[in-house]
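Right, one structure below, let's go through it.
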Amino acid sequence: MNSNVENLPPQVLRLVYKEVSALAADPPEGIKIYPSEEDITELHTAIEGPEGTPFAGGIFRMRLVLGKDFPAVPPKGYFLTKIFHPNVGHKGEICVNVLKRDWKAELGLRHVLLTIKCLLIHPNPESALNEEAGRLLLEDYAEYASRARLLTEIHAMGGPGGTSGAPQDPNDGPQPKKHAGDPTKRGPGGAPVAALGNGANAASNSSSSNSSNSNVVGKKKTDKKRALRRL
């Protein structure tokens, strides 16, 4: 989707930048914000699946797109993580009143994000985009919850093939092994472990050499005594 930065008036862009910066600094509970420096009109977020719902434990990526008529016209919301929910279409589009007839310019993006998170707790089958999910929610909640939970485990929990989440922490995952001579590893007295090992080997070699020299000197003395006796 094309950026609308050039289509929005400067005063609107300033307000959007201010609100997005405030959201990033103090996000709503259970929601992470990933603003784009290149395109302030597209806001990426990650929403934690609420406890007590089939979405618990999942991380659902979502984006809000601000059109050229924002804030007179509400933003559009899309789930990027696949989810089985009555109010989310097959392409990820979100149907919620705050993004339609209940929208007011003064509501702001924080209110939109909180409303979408609440939608995971209280789906609205009367405005279903996913008709199968809406029907199961009304007729067979256990089956609905089972289907929603299955897709959460597959797509929102970061397993093989999963699409959940936020950018990876560079500290996550296996770390490179340190070399055996790592200078950060210290032994007694603050000496490097590798240096201590080399010192021990040197001491051992010196001891062996001294013992060998002592044996040679002792043999020479014995030979000298034997020669004197013959005289």
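Chain identifiers are assigned as A, B, and so on, following the order in which chains appear in the structure tokens; residues are numbered from 1 within each chain, and ligands are numbered from 1 in order of appearance.
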
| query | Do you know which residues are at most 6 Å from region 77-83 of chain A counting only C-alpha atoms, after dropping those on the same chain fewer than 5 positions away, and could you put them as a count of residues only? | reply | 8

| Where in region 6-171 of chain A does DSSP assign helix (DSSP H, G or I), given as an MDAnalysis selection string? | chainID A and resid 6:7 10:25 97:99 108:121 125:127 131:139 141:155

| remark: re CA of His85 (chain A) and CA of Leu120 (chain A): distance 7.9 Å

| field | Close residues, region 52-55 of chain A itself excluded, 7 Å, only C-alpha atoms, min 5 positions apart in chain, as a PyMOL selection string | value | chain A and resi 121+145+148-149+152

| task | Select, from A:Pro86, A:Pro10, A:Gly30, A:Pro71, the residue with the minimum atom-to-atom distance to Pro125 (chain A), counting only C-alpha atoms. | result |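 Going through A:Pro86, A:Pro10, A:Gly30, A:Pro71 one by one, the smallest distance to Pro125 (chain A) is for A:Pro86.
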